[in-house]
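Shown below: model_24.cif, with mmCIF, C-alpha atoms and all ligand atoms.
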data_start
#
loop_
_atom_site.label_atom_id
_atom_site.label_comp_id
_atom_site.auth_asym_id
_atom_site.auth_seq_id
_atom_site.Cartn_x
_atom_site.Cartn_y
_atom_site.Cartn_z
CA MET A 1 7.31 -12.29 7.44
CA MET A 2 8.42 -12.67 3.88
CA PHE A 3 5.38 -13.24 1.78
CA LYS A 4 4.69 -16.74 0.47
CA LEU A 5 1.76 -17.65 -1.69
CA GLN A 6 0.03 -20.85 -0.68
CA LYS A 7 -0.97 -23.66 -3.04
CA LEU A 8 0.60 -22.36 -6.18
CA THR A 9 2.76 -25.35 -6.91
CA THR A 10 1.27 -26.07 -10.30
CA LEU A 11 2.30 -22.77 -11.81
CA LEU A 12 5.41 -22.46 -13.91
CA ALA A 13 8.36 -21.02 -12.11
CA ALA A 14 10.02 -18.62 -14.53
CA LEU A 15 7.81 -15.74 -15.44
CA PRO A 16 8.69 -13.20 -18.08
CA LEU A 17 7.21 -10.14 -16.40
CA LEU A 18 7.77 -7.67 -19.16
CA THR A 19 6.22 -9.42 -22.12
CA THR A 20 2.89 -7.76 -22.75
CA ALA A 21 2.88 -4.16 -23.79
CA PHE A 22 -0.21 -2.13 -23.04
CA PRO A 23 -2.15 -1.85 -26.27
CA ALA A 24 -2.76 1.88 -26.23
CA THR A 25 -3.75 2.08 -29.85
CA GLN A 26 -6.76 -0.17 -29.84
CA ALA A 27 -9.98 1.79 -29.82
CA THR A 28 -12.67 0.38 -27.57
CA GLU A 29 -11.33 -3.01 -26.77
CA LYS A 30 -11.68 -4.30 -23.25
CA THR A 31 -8.21 -4.51 -21.82
CA PRO A 32 -6.92 -5.03 -18.32
CA LEU A 33 -4.97 -2.07 -17.02
CA PRO A 34 -1.35 -2.53 -15.97
CA LEU A 35 -0.93 -3.61 -12.37
CA ILE A 36 1.62 -2.14 -10.00
CA ILE A 37 2.56 -4.08 -6.88
CA TRP A 38 4.38 -2.81 -3.80
CA HIS A 39 5.63 -5.65 -1.62
CA GLY A 40 5.99 -5.78 2.13
CA LEU A 41 8.65 -5.67 4.81
CA GLY A 42 11.49 -8.14 4.39
CA ASP A 43 10.52 -9.09 0.88
CA SER A 44 12.26 -8.32 -2.39
CA TYR A 45 10.85 -7.63 -5.83
CA ARG A 46 12.46 -10.72 -7.29
CA ALA A 47 11.01 -13.10 -4.68
CA ASP A 48 9.29 -16.20 -6.05
CA GLY A 49 6.06 -15.45 -4.17
CA LEU A 50 5.73 -12.17 -6.04
CA LYS A 51 6.46 -13.74 -9.40
CA GLU A 52 3.66 -16.18 -8.72
CA VAL A 53 1.30 -13.36 -7.87
CA ALA A 54 2.26 -11.56 -11.08
CA GLN A 55 1.71 -14.73 -13.06
CA LEU A 56 -1.67 -15.27 -11.45
CA ALA A 57 -2.66 -11.69 -12.31
CA GLU A 58 -1.88 -12.42 -15.95
CA GLU A 59 -3.77 -15.69 -15.89
CA ILE A 60 -6.90 -14.19 -14.38
CA ASN A 61 -6.87 -11.12 -16.61
CA PRO A 62 -4.85 -12.06 -19.70
CA GLY A 63 -2.76 -9.22 -21.08
CA THR A 64 -2.12 -7.64 -17.71
CA TYR A 65 1.25 -5.94 -17.62
CA VAL A 66 2.70 -6.23 -14.12
CA HIS A 67 5.26 -3.90 -12.61
CA ILE A 68 6.70 -4.80 -9.23
CA ILE A 69 7.98 -1.70 -7.49
CA HIS A 70 11.56 -1.84 -6.28
CA LEU A 71 13.84 0.62 -4.54
CA ASP A 72 17.03 -1.07 -5.66
CA GLU A 73 18.02 -3.26 -8.59
CA SER A 74 19.58 -5.84 -6.30
CA ASP A 75 17.59 -8.30 -4.24
CA ASN A 76 19.36 -7.39 -1.04
CA GLY A 77 19.21 -3.68 -1.63
CA ASP A 78 15.50 -3.83 -2.32
CA ARG A 79 14.89 -5.90 0.76
CA GLU A 80 17.02 -3.63 2.91
CA ALA A 81 14.99 -0.64 1.71
CA THR A 82 11.88 -2.17 3.28
CA PHE A 83 13.53 -1.65 6.70
CA ILE A 84 15.88 1.26 6.21
CA GLY A 85 15.27 4.56 4.49
CA ASN A 86 13.41 7.84 4.55
CA LEU A 87 9.89 7.22 3.25
CA THR A 88 9.60 10.72 1.82
CA GLU A 89 12.55 9.91 -0.41
CA GLN A 90 11.43 6.36 -1.13
CA ILE A 91 8.01 7.48 -2.29
CA ALA A 92 9.52 10.23 -4.43
CA GLN A 93 11.77 7.60 -5.98
CA VAL A 94 8.78 5.39 -6.75
CA CYS A 95 6.89 8.34 -8.25
CA GLU A 96 9.84 8.81 -10.60
CA GLN A 97 10.12 5.10 -11.37
CA LEU A 98 6.46 4.73 -12.30
CA ALA A 99 6.26 7.99 -14.27
CA SER A 100 9.30 7.05 -16.34
CA GLU A 101 8.14 3.53 -17.15
CA PRO A 102 6.76 3.94 -20.71
CA ILE A 103 4.10 1.23 -20.56
CA LEU A 104 2.73 2.58 -17.29
CA SER A 105 2.92 6.25 -18.11
CA THR A 106 1.14 5.86 -21.45
CA ALA A 107 -1.64 3.70 -20.03
CA PRO A 108 -4.96 5.44 -19.36
CA ALA A 109 -4.65 4.29 -15.76
CA VAL A 110 -3.18 1.48 -13.70
CA ASN A 111 -4.42 -0.72 -10.88
CA ALA A 112 -2.45 -1.03 -7.67
CA LEU A 113 -1.92 -3.83 -5.18
CA GLY A 114 -0.13 -3.25 -1.89
CA PHE A 115 1.08 -5.99 0.41
CA SER A 116 1.19 -5.02 4.07
CA GLN A 117 3.27 -1.81 4.45
CA GLY A 118 3.37 -1.57 0.65
CA GLY A 119 -0.34 -0.76 0.89
CA GLN A 120 0.01 2.47 2.80
CA PHE A 121 3.00 3.38 0.60
CA LEU A 122 0.93 2.91 -2.54
CA ARG A 123 -1.75 5.09 -0.99
CA ALA A 124 0.95 7.69 -0.43
CA PHE A 125 1.91 7.37 -4.10
CA VAL A 126 -1.70 8.06 -5.05
CA GLN A 127 -1.98 11.03 -2.70
CA ARG A 128 1.33 12.64 -3.60
CA CYS A 129 1.84 11.81 -7.27
CA ASN A 130 -0.83 9.66 -8.88
CA PHE A 131 0.91 9.55 -12.21
CA PRO A 132 0.20 7.12 -13.72
CA LYS A 133 -3.27 7.54 -12.36
CA VAL A 134 -4.47 4.69 -10.18
CA ARG A 135 -7.94 3.35 -10.91
CA ASN A 136 -8.48 0.64 -8.29
CA LEU A 137 -6.32 0.37 -5.18
CA VAL A 138 -6.27 -2.84 -3.15
CA THR A 139 -4.37 -3.09 0.11
CA LEU A 140 -3.83 -6.36 1.96
CA GLY A 141 -3.20 -6.24 5.70
CA SER A 142 -1.83 -2.71 5.46
CA GLN A 143 -1.19 -0.36 8.36
CA HIS A 144 -3.19 2.64 7.23
CA ASN A 145 -3.54 3.91 10.75
CA GLY A 146 -0.06 2.84 11.76
CA ILE A 147 1.24 0.32 14.26
CA TYR A 148 1.70 0.69 18.00
CA LYS A 149 4.06 -2.21 18.37
CA PHE A 150 7.20 -3.12 16.47
CA GLN A 151 7.73 -6.67 15.33
CA SER A 152 10.59 -8.52 16.88
CA CYS A 153 13.26 -9.93 14.61
CA GLN A 154 12.65 -13.47 13.42
CA SER A 155 16.23 -14.65 13.68
CA SER A 156 19.40 -13.32 15.24
CA GLY A 157 21.26 -13.65 11.94
CA ASP A 158 18.98 -11.15 10.29
CA TRP A 159 21.33 -8.18 10.15
CA VAL A 160 18.96 -5.77 8.45
CA CYS A 161 16.29 -6.37 11.03
CA ARG A 162 18.90 -6.25 13.81
CA SER A 163 20.22 -2.91 12.67
CA ALA A 164 16.66 -1.65 12.53
CA GLU A 165 16.22 -2.67 16.15
CA ALA A 166 19.47 -0.96 17.03
CA LEU A 167 18.22 2.22 15.44
CA LEU A 168 15.22 2.17 17.72
CA ARG A 169 17.51 2.71 20.66
CA PHE A 170 17.90 6.30 19.54
CA GLY A 171 14.24 6.91 20.34
CA ARG A 172 11.28 6.39 18.05
CA TRP A 173 10.53 10.10 17.69
CA SER A 174 14.08 11.24 17.03
CA ASP A 175 14.86 12.62 13.58
CA PHE A 176 17.61 10.04 13.40
CA VAL A 177 15.14 7.17 13.58
CA GLN A 178 12.34 8.89 11.68
CA SER A 179 14.62 9.45 8.71
CA ARG A 180 16.01 5.91 8.66
CA LEU A 181 13.81 3.22 10.15
CA VAL A 182 10.87 2.51 7.89
CA PRO A 183 8.35 1.05 10.40
CA ALA A 184 9.00 3.92 12.82
CA GLN A 185 7.62 6.24 10.18
CA TYR A 186 4.20 4.65 10.50
CA PHE A 187 4.38 4.12 14.24
CA ARG A 188 1.38 5.71 15.91
CA ASP A 189 0.31 5.49 19.49
CA VAL A 190 -2.68 7.50 20.71
CA ASN A 191 -1.02 7.80 24.08
CA GLU A 192 1.93 9.60 22.46
CA TYR A 193 -0.14 11.57 20.03
CA ASP A 194 1.61 14.92 20.43
CA SER A 195 5.03 13.44 19.75
CA TYR A 196 3.60 11.57 16.80
CA LEU A 197 2.05 14.70 15.32
CA GLU A 198 5.26 16.59 15.74
CA HIS A 199 7.79 14.02 14.60
CA SER A 200 6.18 11.37 12.39
CA ASN A 201 8.01 11.51 9.09
CA PHE A 202 5.30 9.71 7.15
CA LEU A 203 1.97 8.71 8.63
CA ALA A 204 0.89 11.96 10.31
CA ASP A 205 1.45 13.71 7.00
CA ILE A 206 -0.04 11.13 4.68
CA ASN A 207 -3.14 10.79 6.89
CA ASN A 208 -3.55 14.58 6.89
CA GLU A 209 -3.61 14.67 10.68
CA ARG A 210 -1.71 17.94 11.03
CA GLU A 211 -3.48 21.23 11.22
CA LEU A 212 -2.81 22.24 7.65
CA LYS A 213 -4.72 19.77 5.47
CA LYS A 214 -3.30 19.06 2.04
CA THR A 215 -6.11 19.28 -0.47
CA LEU A 216 -4.11 17.40 -3.10
CA TYR A 217 -4.08 14.31 -0.90
CA LYS A 218 -7.84 14.39 -0.69
CA SER A 219 -8.54 15.10 -4.35
CA ASN A 220 -6.11 12.40 -5.48
CA LEU A 221 -7.46 9.73 -3.16
CA MET A 222 -11.04 10.66 -4.05
CA SER A 223 -10.22 10.11 -7.70
CA LEU A 224 -9.96 6.36 -7.11
CA ASN A 225 -12.65 4.30 -8.74
CA ARG A 226 -12.47 1.80 -5.89
CA PHE A 227 -10.39 1.31 -2.77
CA GLY A 228 -10.50 -2.21 -1.33
CA MET A 229 -9.09 -2.53 2.19
CA PHE A 230 -8.50 -6.13 3.26
CA MET A 231 -7.89 -7.10 6.86
CA PHE A 232 -6.63 -10.53 7.94
CA SER A 233 -8.92 -11.93 10.64
CA ASP A 234 -6.15 -13.48 12.74
CA ASP A 235 -3.38 -10.99 12.05
CA THR A 236 -0.93 -10.89 14.97
CA THR A 237 1.95 -9.46 12.92
CA ALA A 238 0.60 -6.04 12.06
CA ILE A 239 -0.56 -4.62 15.37
CA PRO A 240 -3.30 -3.60 15.58
CA LYS A 241 -4.82 -5.51 12.65
CA GLU A 242 -7.74 -3.03 12.53
CA SER A 243 -5.27 -0.50 11.11
CA ALA A 244 -6.00 -2.23 7.78
CA TRP A 245 -9.42 -0.52 7.94
CA PHE A 246 -8.14 2.80 9.33
CA ALA A 247 -9.49 2.00 12.78
CA GLU A 248 -7.79 3.41 15.85
CA VAL A 249 -7.02 1.14 18.77
CA ASN A 250 -6.05 2.39 22.20
CA GLN A 251 -3.47 -0.14 23.30
CA THR A 252 -3.99 0.65 26.98
CA ASN A 253 -7.62 -0.47 27.08
CA GLY A 254 -8.00 -2.15 23.68
CA GLU A 255 -10.81 0.18 22.68
CA ILE A 256 -11.44 0.26 18.93
CA THR A 257 -12.63 3.42 17.22
CA THR A 258 -13.76 2.57 13.71
CA LEU A 259 -12.92 4.77 10.75
CA ARG A 260 -16.48 6.08 10.48
CA GLU A 261 -16.34 7.29 14.09
CA ARG A 262 -13.10 9.20 13.60
CA PRO A 263 -12.46 12.85 12.62
CA ILE A 264 -10.31 11.75 9.67
CA TYR A 265 -13.58 10.40 8.23
CA LYS A 266 -16.18 12.76 9.69
CA GLU A 267 -14.25 15.83 8.53
CA ASP A 268 -13.12 13.96 5.42
CA TRP A 269 -9.42 14.87 5.65
CA LEU A 270 -8.55 12.31 2.98
CA GLY A 271 -11.71 11.85 0.94
CA LEU A 272 -12.43 8.48 2.55
CA ARG A 273 -15.89 9.58 3.52
CA SER A 274 -16.61 10.75 -0.01
CA LEU A 275 -15.42 7.43 -1.39
CA ASP A 276 -17.49 5.55 1.16
CA GLU A 277 -20.64 7.51 0.38
CA GLN A 278 -20.23 6.66 -3.28
CA GLY A 279 -19.84 2.97 -2.45
CA LYS A 280 -16.19 2.99 -3.51
CA LEU A 281 -14.60 2.07 -0.18
CA ASP A 282 -14.62 -1.62 0.67
CA PHE A 283 -13.94 -3.11 4.10
CA GLU A 284 -13.07 -6.76 3.47
CA ILE A 285 -11.84 -9.63 5.62
CA ILE A 286 -9.51 -12.44 4.64
CA PRO A 287 -9.60 -15.35 7.11
CA GLY A 288 -6.26 -16.29 8.63
CA PRO A 289 -2.99 -14.75 9.79
CA HIS A 290 -1.04 -11.85 8.25
CA MET A 291 -0.55 -12.23 4.50
CA ALA A 292 -1.85 -15.80 4.43
CA LEU A 293 -3.01 -15.52 0.84
CA SER A 294 -4.33 -18.41 -1.15
CA GLU A 295 -4.64 -18.60 -4.89
CA LYS A 296 -8.40 -18.66 -4.39
CA VAL A 297 -8.48 -15.38 -2.46
CA LEU A 298 -6.19 -13.66 -4.93
CA THR A 299 -8.23 -14.94 -7.85
CA GLU A 300 -11.34 -13.39 -6.33
CA ILE A 301 -9.57 -10.10 -5.75
CA PHE A 302 -8.04 -9.96 -9.23
CA THR A 303 -11.39 -10.76 -10.82
CA GLU A 304 -13.24 -8.21 -8.74
CA TYR A 305 -10.78 -5.30 -8.94
CA PHE A 306 -8.40 -5.79 -11.85
CA GLY A 307 -10.67 -7.00 -14.64
CA PRO A 308 -10.62 -5.54 -18.14
CA VAL A 309 -11.99 -2.06 -18.71
CA GLU A 310 -12.84 -0.24 -21.88
CA VAL A 311 -10.13 2.09 -23.07
CA SER A 312 -10.04 4.30 -26.11
CA ASP A 313 -7.41 6.25 -28.00
CA GLU A 314 -8.30 9.55 -26.38
CA THR A 315 -8.14 8.31 -22.83
CA SER A 316 -4.79 6.67 -23.33
CA THR A 317 -3.06 9.97 -23.94
CA LEU A 318 -4.64 11.80 -21.03
CA PRO A 319 -3.84 10.28 -17.66
CA GLN A 320 -6.40 12.42 -15.86
CA LEU A 321 -9.36 11.17 -17.88
CA MET A 322 -11.71 8.67 -16.38
CA VAL A 323 -11.67 5.18 -17.77
CA ALA A 324 -15.03 3.83 -18.82
CA GLN A 325 -16.41 1.26 -16.43
CA GLY A 326 -15.97 -2.20 -17.89
CA THR A 327 -19.01 -4.02 -16.59
C1 LIG A 401 13.29 12.78 4.93
O1 LIG A 401 13.64 13.25 3.64
C2 LIG A 401 13.07 14.51 3.31
C3 LIG A 401 13.41 14.78 1.86
O2 LIG A 401 14.77 14.66 1.63
C4 LIG A 401 13.58 15.56 4.25
O3 LIG A 401 13.01 16.81 3.94
C5 LIG A 401 13.20 15.16 5.67
O4 LIG A 401 13.74 16.08 6.60
C6 LIG A 401 13.71 13.76 5.99
N1 LIG A 401 13.17 13.35 7.29
C7 LIG A 401 13.86 13.37 8.41
C8 LIG A 401 13.12 12.94 9.64
O5 LIG A 401 15.04 13.67 8.43
C1 LIG A 402 -6.48 5.18 26.18
O1 LIG A 402 -6.90 4.44 27.27
C2 LIG A 402 -6.42 4.90 28.52
C3 LIG A 402 -6.88 3.93 29.61
O2 LIG A 402 -8.28 3.74 29.59
C4 LIG A 402 -6.90 6.32 28.75
O3 LIG A 402 -6.39 6.80 29.97
C5 LIG A 402 -6.43 7.20 27.61
O4 LIG A 402 -6.96 8.49 27.76
C6 LIG A 402 -6.89 6.63 26.30
N1 LIG A 402 -6.31 7.42 25.21
C7 LIG A 402 -7.04 8.03 24.30
C8 LIG A 402 -6.29 8.87 23.30
O5 LIG A 402 -8.26 7.92 24.26
#
Take the structure from the file and write it as structure tokens.
Ligand SMILES: *[C@@H]1O[C@H](CO)[C@@H](O)[C@H](O)[C@H]1NC(C)=O
Ligand SMILES: *[C@@H]1O[C@H](CO)[C@@H](O)[C@H](O)[C@H]1NC(C)=O
Amino acid sequence: MMFKLQKLTTLLAALPLLTTAFPATQATEKTPLPLIIWHGLGDSYRADGLKEVAQLAEEINPGTYVHIIHLDESDNGDREATFIGNLTEQIAQVCEQLASEPILSTAPAVNALGFSQGGQFLRAFVQRCNFPKVRNLVTLGSQHNGIYKFQSCQSSGDWVCRSAEALLRFGRWSDFVQSRLVPAQYFRDVNEYDSYLEHSNFLADINNERELKKTLYKSNLMSLNRFGMFMFSDDTTAIPKESAWFAEVNQTNGEITTLRERPIYKEDWLGLRSLDEQGKLDFEIIPGPHMALSEKVLTEIFTEYFGPVEVSDETSTLPQLMVAQGT
């Protein structure tokens, strides 16, 4: 399920990602914020599809500095980390990476775009670290309420995916698997809810489902200016697709409980209700299968969420300050 952008053949291939520095010194000029991107399972930060997305982001909002998150300098290592690793450690590593990137850490805020599992990981970055502070978060086909089915490997020669499957043999709730197999850490089945609550190394914590609610998670997520959650209408890869909107699906009878009907919302464990009541939580649909993104759809998203905002000298030195609304 490596991500491929459709209909982008006219764009130039080689993209210098690190060309435009964030102009922190200009007083009230409208400038697009830097954009951080977290890619999905099986992809790598150097993949052509991602370079095209970065290039499109710069074309739509000229001057956008794009940082593609990576867990390893090498292509293979970064790709492997989408399958194998402890998410607690991976997210801590990303917190460090983003905080130590000068252009990002001196910006008044950044925007964030998560592809598939990268979406819930970016949300985790916001909830746990949020430095640099994220202004608008957009997630595409993400599994915010987990998956109840693992994808099968695409080809038998795919050793990373194969070893991930092998890991599953140790039991999805074992510490062995929960500390190594990435998708297992957002596996969630309402029919195994007790095991999930006890053993989930990622999702149960990041969704504040355990008894002790972390107030930081809520205050950080609530500080978003906008959170756009996009679901693919014919998604059969991320199961259930409604997870993109935080809905819960009982796989035994197919019953869907929407976010607004769930305790996570009603009791506002994460601040989603607060965001929603302020009109900052968007439930959007993209027609088509998982991650079938066209240039047209991305253009609309980049225009809507990542457009220029007004920044000033004062705000650029204080990451916690609000950025003035651009339009
Ligand atoms: C994942 O890593 C964290 C931090 O090192 C550790 O505390 C936790 O126990 C690990 N998870 C599992 C399931 O081993
Ligand atoms: C899921 O559906 C099954 C079958 O209808 C039911 O027995 C079970 O209680 C449901 N689980 C939850 C958590 O609602």
Take every atom of ligand LIG 402 (chain A) listed in the file, pad by 3 Å on each side, and give me the axis-aligned box centre and edge lengths in Å, one decimal, as JSON.
{"center_x": -7.3, "center_y": 6.3, "center_z": 26.6, "size_x": 8.0, "size_y": 11.1, "size_z": 12.7}
Could you state the separation of CA of Ile147 in chain A and CA of Val160 in chain A in Å, given to one decimal place?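 So the two atoms, CA of Ile147 in chain A and CA of Val160 in chain A, lie 19.6 Å apart.
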Neighbours of ligand LIG 401 (chain A) at 7 Å or closer, counting only C-alpha atoms and all ligand atoms: which residues, as a VMD selection string? chain A and resid 86 to 89 175 to 176 178 to 179 201
Pick from A:Lys30, A:His290, A:Arg262, A:Arg273 nearest to Val249 in chain A, counting all atoms listed in the file: A:Arg262
Determine, counting only C-alpha atoms, which protein, DNA and RNA residues have an atom within 12 Å of an atom of Gln90 in chain A; residues of the same chain fewer than 4 positions away are not included. Present the result as a short mmCIF file (atom, residue, chain, number, x, y, z; two decimals) with C-alpha atoms, keeping the file's coordinate frame.
data_model
loop_
_atom_site.label_atom_id
_atom_site.label_comp_id
_atom_site.auth_asym_id
_atom_site.auth_seq_id
_atom_site.Cartn_x
_atom_site.Cartn_y
_atom_site.Cartn_z
CA TRP A 38 4.38 -2.81 -3.80
CA ILE A 69 7.98 -1.70 -7.49
CA HIS A 70 11.56 -1.84 -6.28
CA LEU A 71 13.84 0.62 -4.54
CA ASP A 72 17.03 -1.07 -5.66
CA ASP A 78 15.50 -3.83 -2.32
CA ALA A 81 14.99 -0.64 1.71
CA THR A 82 11.88 -2.17 3.28
CA PHE A 83 13.53 -1.65 6.70
CA ILE A 84 15.88 1.26 6.21
CA GLY A 85 15.27 4.56 4.49
CA ASN A 86 13.41 7.84 4.55
CA VAL A 94 8.78 5.39 -6.75
CA CYS A 95 6.89 8.34 -8.25
CA GLU A 96 9.84 8.81 -10.60
CA GLN A 97 10.12 5.10 -11.37
CA GLY A 118 3.37 -1.57 0.65
CA PHE A 121 3.00 3.38 0.60
CA LEU A 122 0.93 2.91 -2.54
CA ALA A 124 0.95 7.69 -0.43
CA PHE A 125 1.91 7.37 -4.10
CA SER A 179 14.62 9.45 8.71
CA ARG A 180 16.01 5.91 8.66
CA LEU A 181 13.81 3.22 10.15
CA VAL A 182 10.87 2.51 7.89
CA GLN A 185 7.62 6.24 10.18
CA ASN A 201 8.01 11.51 9.09
CA PHE A 202 5.30 9.71 7.15
#
Can you pull out every residue with an atom within 8 Å of ligand LIG 402 (chain A)? Use only C-alpha atoms and all ligand atoms and format it as a short mmCIF file (atom, residue, chain, number, x, y, z; two decimals) with C-alpha atoms, keeping the file's coordinate frame.
data_model
loop_
_atom_site.label_atom_id
_atom_site.label_comp_id
_atom_site.auth_asym_id
_atom_site.auth_seq_id
_atom_site.Cartn_x
_atom_site.Cartn_y
_atom_site.Cartn_z
CA VAL A 190 -2.68 7.50 20.71
CA ASN A 191 -1.02 7.80 24.08
CA TYR A 193 -0.14 11.57 20.03
CA ASN A 250 -6.05 2.39 22.20
CA GLN A 251 -3.47 -0.14 23.30
CA THR A 252 -3.99 0.65 26.98
CA ASN A 253 -7.62 -0.47 27.08
CA GLY A 254 -8.00 -2.15 23.68
CA GLU A 255 -10.81 0.18 22.68
#
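Taking CA of Ile256 in chain A as the reference point, CA of Ala244 in chain A is found at 12.7 Å.
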Which residue, A:Leu50, A:Ile285, A:Val309, A:Val66, has the smallest gap to Ser233 in chain A when you use all atoms listed in the file?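 Residue with the minimum atom-to-atom distance to Ser233 in chain A: A:Ile285.
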What's around Gly40 in chain A at 10 Å? Count only C-alpha atoms, leave out sequence neighbours fewer than 6 positions away in its own chain, and write the answer as a PyMOL selection string. chain A and resi 1-3+79+82-83+114-119+121+140-142+291
Give me, as a ChimeraX atom specification, all polymer residues having an atom no more than 10 Å from Gln151 in chain A, counting all atoms listed in the file and skipping those fewer than 4 positions away in the same chain. /A:1,147,161,165,183,236-239
Among listed residues A:Asp235, A:Val177, A:Asp276, A:Ala247, nearest Pro289 in chain A (using all atoms listed in the file):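 Among the listed residues, A:Asp235 lies closest to Pro289 in chain A.
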Please provide the set of residues having any atom within 10 Å of Arg210 in chain A, restricted to only C-alpha atoms, with same-chain residues fewer than 4 positions apart removed, written as a ChimeraX atom specification. /A:197-198,204-206,214,269
So, counting all atoms listed in the file, which residue among A:Glu295, A:Glu300, A:Glu80, A:Asp75 is closest to Leu56 in chain A?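 Ranked by minimum distance to Leu56 in chain A, first place goes to A:Glu295.
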From CA of Ile301 in chain A to CA of Glu242 in chain A the spacing works out at 19.7 Å
Judged by all atoms listed in the file, the minimum distance to Thr215 in chain A among A:Thr299, A:Ser100, A:Thr31, A:Gln127 is found for A:Gln127
Can you find the residues with an atom no farther than 10 Å from (0.6, 11.3, -8.3), counting all atoms listed in the file, and report them as a PyMOL selection string? chain A and resi 92+95-96+98-99+123-134+216-217+220-221
